[in-house]
Amino acid sequence: MSNYPTALFLMGPTASGKTDLAIKLAQQCHCEIISVDSALIYKSMDIGSAKPDKQELQKVPHALVDIIDPLESYSAGDFRNDALRLMKEITARGNTPLLVGGTMLYYKALVDGLSPLPSADPVIRAAIEKQAELNGWQALHDLLKEIDPVSAARIHVNDPQRLSRAIEVYRISGKSLTALTQIKSDPIPYTIKQFAIAPSDKAALHARIELRFRLMLEAGFEQEVQALYNRGDLHLNLPSMRCVGYRQMWEYLQGTMDYDEMVFRGIVATRQLAKRQMTWLRGWKDITWLETGSAENFELIKAVL
């Protein structure tokens, strides 16, 4: 493993100061940034995603920013493929890949790989639904107990979507969902140095989140979402419009809530996102923690290069 090139992970909850630190590292340490953020991938979603501004992106390019339209989808598997390709290109140039962001599912997909689950088969899925109509979902749940007792124990009989998928996977592959999800990809060929940045005081993080949200509003966040709303082809069931802040602003524009309620819910949703990110990070192995705003952060990361 020590012969592998180094790759840096700079993780952390939203509003913790990742971007500023990453830009400094890229400017001074021969690093190239790959964004690990499921909101920054979308074009025309700049303010509410806290995307680095055009000047910052011109000085220090970020890969995987502005790569798809909000109408399109992008999976963790897509990210893994793109990130591995970019990491290879960066190391070939003699630089260090610096992966920056808070979408922990993307990091997990990159490190652990994705289970080789088969794609959906409309014919098999229709047959399962027909069987459910004839015999009931309980009969299919009983069948799942025989072929995949582990999945049956965690999938409720009243959850037809997951129940159908578990049976579909078995009928396509001949292997249970449990068995396939346990298959791991080969380790990625990098020596990964992992850092997470966050304020040690939760109240300080909450204050940063509220300040940033209010600054987004001042910067024209409402107008940004209004332009997306006016397109006519976007809706709240899309992953892009479910991004924190965008959902609340969209609902405000629909008339579902008033302005003050939108602001309150947007800030609360961002805090909840940060809480989920911190939960992921506390269970992550081999992390060096950094304090938001500490002058030592740059040197601590530079020392491992």
# chains A, B, ... in the order shown; residues from 1 in each chain; ligands from 1
>>> residues_around(residues="Thr191 in chain A", least_positions_apart="5", cutoff="6 Å", atoms="only C-alpha atoms", output="list in words")
Tyr4, Pro5 and Thr6 of chain A
>>> residues_around(residues="Arg271 in chain A", least_positions_apart="6", cutoff="12 Å", atoms="only C-alpha atoms", output="JSON, numbers by chain")
{"A": [13, 14, 15, 16, 202, 203, 204, 205, 206, 207, 208, 209, 210, 211, 212, 213, 244, 245, 264, 265, 277, 278]}
>>> write_last_selection(atoms="N, CA, C and O atoms", output="compact mmCIF listing (two decimals), in the first residue's frame")
# COMPACT_ATOMS: atom_id res chain seq x y z
N PRO A 13 -18.87 18.44 7.77
CA PRO A 13 -20.26 18.86 7.58
C PRO A 13 -20.34 20.14 6.76
O PRO A 13 -19.34 20.85 6.59
N THR A 14 -21.51 20.44 6.27
CA THR A 14 -21.73 21.67 5.52
C THR A 14 -21.37 22.89 6.36
O THR A 14 -21.54 22.89 7.58
N ALA A 15 -20.81 23.90 5.72
CA ALA A 15 -20.45 25.18 6.35
C ALA A 15 -19.30 25.07 7.35
O ALA A 15 -19.15 25.90 8.23
N SER A 16 -18.47 24.03 7.20
CA SER A 16 -17.38 23.85 8.16
C SER A 16 -16.06 24.48 7.71
O SER A 16 -15.10 24.52 8.48
N LYS A 202 -20.82 22.54 18.72
CA LYS A 202 -21.98 22.39 17.83
C LYS A 202 -22.70 23.71 17.61
O LYS A 202 -23.18 24.00 16.51
N ALA A 203 -22.77 24.53 18.65
CA ALA A 203 -23.44 25.83 18.52
C ALA A 203 -22.73 26.71 17.50
O ALA A 203 -23.37 27.48 16.77
N ALA A 204 -21.41 26.60 17.44
CA ALA A 204 -20.66 27.39 16.47
C ALA A 204 -20.98 26.96 15.04
O ALA A 204 -21.11 27.79 14.13
N LEU A 205 -21.14 25.64 14.83
CA LEU A 205 -21.51 25.15 13.50
C LEU A 205 -22.91 25.62 13.13
O LEU A 205 -23.15 26.07 12.00
N HIS A 206 -23.83 25.57 14.09
CA HIS A 206 -25.19 26.04 13.83
C HIS A 206 -25.20 27.52 13.46
O HIS A 206 -25.96 27.95 12.57
N ALA A 207 -24.37 28.30 14.13
CA ALA A 207 -24.29 29.73 13.83
C ALA A 207 -23.75 29.95 12.42
O ALA A 207 -24.24 30.82 11.69
N ARG A 208 -22.75 29.18 12.03
CA ARG A 208 -22.19 29.30 10.68
C ARG A 208 -23.24 28.92 9.63
O ARG A 208 -23.33 29.56 8.57
N ILE A 209 -24.02 27.88 9.92
CA ILE A 209 -25.06 27.44 8.99
C ILE A 209 -26.11 28.53 8.80
O ILE A 209 -26.50 28.85 7.67
N GLU A 210 -26.57 29.11 9.89
CA GLU A 210 -27.59 30.16 9.79
C GLU A 210 -27.06 31.38 9.05
O GLU A 210 -27.74 31.94 8.17
N LEU A 211 -25.84 31.79 9.37
CA LEU A 211 -25.25 32.95 8.70
C LEU A 211 -25.13 32.69 7.21
O LEU A 211 -25.47 33.56 6.38
N ARG A 212 -24.66 31.51 6.84
CA ARG A 212 -24.47 31.22 5.42
C ARG A 212 -25.80 31.20 4.69
O ARG A 212 -25.91 31.69 3.56
N PHE A 213 -26.84 30.64 5.32
CA PHE A 213 -28.14 30.59 4.66
C PHE A 213 -28.68 31.99 4.42
O PHE A 213 -29.21 32.30 3.35
N VAL A 244 -30.94 20.30 0.05
CA VAL A 244 -31.27 21.16 1.19
C VAL A 244 -31.30 22.61 0.75
O VAL A 244 -30.42 23.09 0.04
N GLY A 245 -32.34 23.32 1.17
CA GLY A 245 -32.52 24.72 0.82
C GLY A 245 -33.37 24.86 -0.43
O GLY A 245 -34.32 25.67 -0.45
N PHE A 264 -36.80 29.51 8.20
CA PHE A 264 -36.66 28.64 9.38
C PHE A 264 -36.42 27.19 8.96
O PHE A 264 -35.49 26.54 9.44
N ARG A 265 -37.24 26.69 8.04
CA ARG A 265 -37.12 25.29 7.63
C ARG A 265 -35.83 25.04 6.85
O ARG A 265 -35.23 23.96 6.96
N GLN A 277 -24.14 14.18 8.52
CA GLN A 277 -22.75 14.11 8.07
C GLN A 277 -21.81 13.81 9.25
O GLN A 277 -20.88 13.00 9.12
N MET A 278 -22.05 14.44 10.39
CA MET A 278 -21.21 14.20 11.56
C MET A 278 -21.38 12.77 12.07
O MET A 278 -20.41 12.15 12.53
>>> closest_residue(among="A:Thr19, A:Ser73, A:Thr91, A:Asn135", to="Val60 in chain A", atoms="only C-alpha atoms")
A:Thr19
>>> residues_around(residues="Gly113 in chain A", least_positions_apart="6", cutoff="9 Å", atoms="only C-alpha atoms", output="ChimeraX atom specification")
/A:77,80,183-188
>>> atom_distance(atom1="CA of Val304 in chain A", atom2="CA of Ala198 in chain A")
19.7 Å
>>> decode(residues="range 35-47 of chain A", atoms="all heavy atoms", output="mmCIF file, in the first residue's frame")
data_model
loop_
_atom_site.group_PDB
_atom_site.id
_atom_site.type_symbol
_atom_site.label_atom_id
_atom_site.label_comp_id
_atom_site.auth_asym_id
_atom_site.auth_seq_id
_atom_site.Cartn_x
_atom_site.Cartn_y
_atom_site.Cartn_z
ATOM 1 N N SER A 35 -14.523 17.523 -6.513
ATOM 2 C CA SER A 35 -15.653 17.777 -5.620
ATOM 3 C C SER A 35 -16.368 16.477 -5.265
ATOM 4 O O SER A 35 -16.624 15.632 -6.125
ATOM 5 C CB SER A 35 -16.634 18.740 -6.289
ATOM 6 O OG SER A 35 -17.820 18.863 -5.521
ATOM 7 N N VAL A 36 -16.681 16.344 -3.979
ATOM 8 C CA VAL A 36 -17.437 15.180 -3.494
ATOM 9 C C VAL A 36 -18.720 15.734 -2.878
ATOM 10 O O VAL A 36 -18.924 15.713 -1.673
ATOM 11 C CB VAL A 36 -16.635 14.364 -2.464
ATOM 12 C CG1 VAL A 36 -17.344 13.042 -2.154
ATOM 13 C CG2 VAL A 36 -15.223 14.093 -2.971
ATOM 14 N N ASP A 37 -19.562 16.288 -3.740
ATOM 15 C CA ASP A 37 -20.756 17.003 -3.271
ATOM 16 C C ASP A 37 -21.892 16.767 -4.265
ATOM 17 O O ASP A 37 -21.783 17.125 -5.432
ATOM 18 C CB ASP A 37 -20.459 18.497 -3.149
ATOM 19 C CG ASP A 37 -21.570 19.258 -2.441
ATOM 20 O OD1 ASP A 37 -22.729 19.174 -2.915
ATOM 21 O OD2 ASP A 37 -21.285 19.945 -1.449
ATOM 22 N N SER A 38 -22.976 16.187 -3.784
ATOM 23 C CA SER A 38 -24.081 15.806 -4.659
ATOM 24 C C SER A 38 -24.933 16.987 -5.097
ATOM 25 O O SER A 38 -25.843 16.815 -5.918
ATOM 26 C CB SER A 38 -24.970 14.769 -3.961
ATOM 27 O OG SER A 38 -25.485 15.294 -2.752
ATOM 28 N N ALA A 39 -24.672 18.187 -4.579
ATOM 29 C CA ALA A 39 -25.384 19.385 -5.039
ATOM 30 C C ALA A 39 -24.567 20.165 -6.061
ATOM 31 O O ALA A 39 -25.118 20.763 -6.985
ATOM 32 C CB ALA A 39 -25.744 20.281 -3.853
ATOM 33 N N LEU A 40 -23.235 20.148 -5.905
ATOM 34 C CA LEU A 40 -22.390 20.945 -6.789
ATOM 35 C C LEU A 40 -22.331 20.389 -8.216
ATOM 36 O O LEU A 40 -21.866 21.072 -9.123
ATOM 37 C CB LEU A 40 -20.963 21.042 -6.241
ATOM 38 C CG LEU A 40 -20.768 21.711 -4.883
ATOM 39 C CD1 LEU A 40 -19.285 21.967 -4.634
ATOM 40 C CD2 LEU A 40 -21.547 23.003 -4.772
ATOM 41 N N ILE A 41 -22.809 19.185 -8.412
ATOM 42 C CA ILE A 41 -22.790 18.595 -9.748
ATOM 43 C C ILE A 41 -23.745 19.316 -10.705
ATOM 44 O O ILE A 41 -23.564 19.273 -11.916
ATOM 45 C CB ILE A 41 -23.142 17.091 -9.726
ATOM 46 C CG1 ILE A 41 -24.549 16.867 -9.158
ATOM 47 C CG2 ILE A 41 -22.100 16.302 -8.959
ATOM 48 C CD1 ILE A 41 -25.014 15.426 -9.208
ATOM 49 N N TYR A 42 -24.750 20.029 -10.154
ATOM 50 C CA TYR A 42 -25.809 20.569 -11.004
ATOM 51 C C TYR A 42 -25.489 21.971 -11.523
ATOM 52 O O TYR A 42 -25.074 22.852 -10.766
ATOM 53 C CB TYR A 42 -27.130 20.624 -10.233
ATOM 54 C CG TYR A 42 -27.637 19.267 -9.815
ATOM 55 C CD1 TYR A 42 -27.665 18.899 -8.475
ATOM 56 C CD2 TYR A 42 -28.082 18.354 -10.765
ATOM 57 C CE1 TYR A 42 -28.129 17.653 -8.096
ATOM 58 C CE2 TYR A 42 -28.547 17.101 -10.389
ATOM 59 C CZ TYR A 42 -28.566 16.758 -9.055
ATOM 60 O OH TYR A 42 -29.017 15.516 -8.682
ATOM 61 N N LYS A 43 -25.722 22.160 -12.816
ATOM 62 C CA LYS A 43 -25.611 23.482 -13.417
ATOM 63 C C LYS A 43 -26.775 24.361 -12.944
ATOM 64 O O LYS A 43 -27.852 23.857 -12.626
ATOM 65 C CB LYS A 43 -25.635 23.377 -14.937
ATOM 66 C CG LYS A 43 -24.518 22.536 -15.532
ATOM 67 C CD LYS A 43 -24.714 22.327 -17.027
ATOM 68 C CE LYS A 43 -23.639 21.416 -17.599
ATOM 69 N NZ LYS A 43 -23.861 21.134 -19.050
ATOM 70 N N SER A 44 -26.533 25.669 -12.888
ATOM 71 C CA SER A 44 -27.563 26.664 -12.529
ATOM 72 C C SER A 44 -28.025 26.559 -11.081
ATOM 73 O O SER A 44 -29.045 27.140 -10.717
ATOM 74 C CB SER A 44 -28.784 26.564 -13.467
ATOM 75 O OG SER A 44 -28.390 26.698 -14.816
ATOM 76 N N MET A 45 -27.300 25.797 -10.269
ATOM 77 C CA MET A 45 -27.597 25.712 -8.836
ATOM 78 C C MET A 45 -26.337 26.143 -8.091
ATOM 79 O O MET A 45 -25.576 25.316 -7.603
ATOM 80 C CB MET A 45 -28.046 24.295 -8.469
ATOM 81 C CG MET A 45 -29.396 23.916 -9.052
ATOM 82 S SD MET A 45 -29.884 22.187 -8.781
ATOM 83 C CE MET A 45 -29.870 22.075 -6.993
ATOM 84 N N ASP A 46 -26.120 27.439 -8.043
ATOM 85 C CA ASP A 46 -24.856 27.985 -7.559
ATOM 86 C C ASP A 46 -24.943 28.522 -6.139
ATOM 87 O O ASP A 46 -24.142 28.173 -5.278
ATOM 88 C CB ASP A 46 -24.377 29.104 -8.493
ATOM 89 C CG ASP A 46 -24.250 28.641 -9.940
ATOM 90 O OD1 ASP A 46 -24.013 27.439 -10.152
ATOM 91 O OD2 ASP A 46 -24.397 29.482 -10.837
ATOM 92 N N ILE A 47 -25.926 29.368 -5.892
ATOM 93 C CA ILE A 47 -26.003 30.068 -4.609
ATOM 94 C C ILE A 47 -26.415 29.117 -3.487
ATOM 95 O O ILE A 47 -25.755 29.029 -2.456
ATOM 96 C CB ILE A 47 -26.986 31.250 -4.708
ATOM 97 C CG1 ILE A 47 -26.494 32.254 -5.756
ATOM 98 C CG2 ILE A 47 -27.146 31.940 -3.349
ATOM 99 C CD1 ILE A 47 -27.496 33.343 -6.096
#
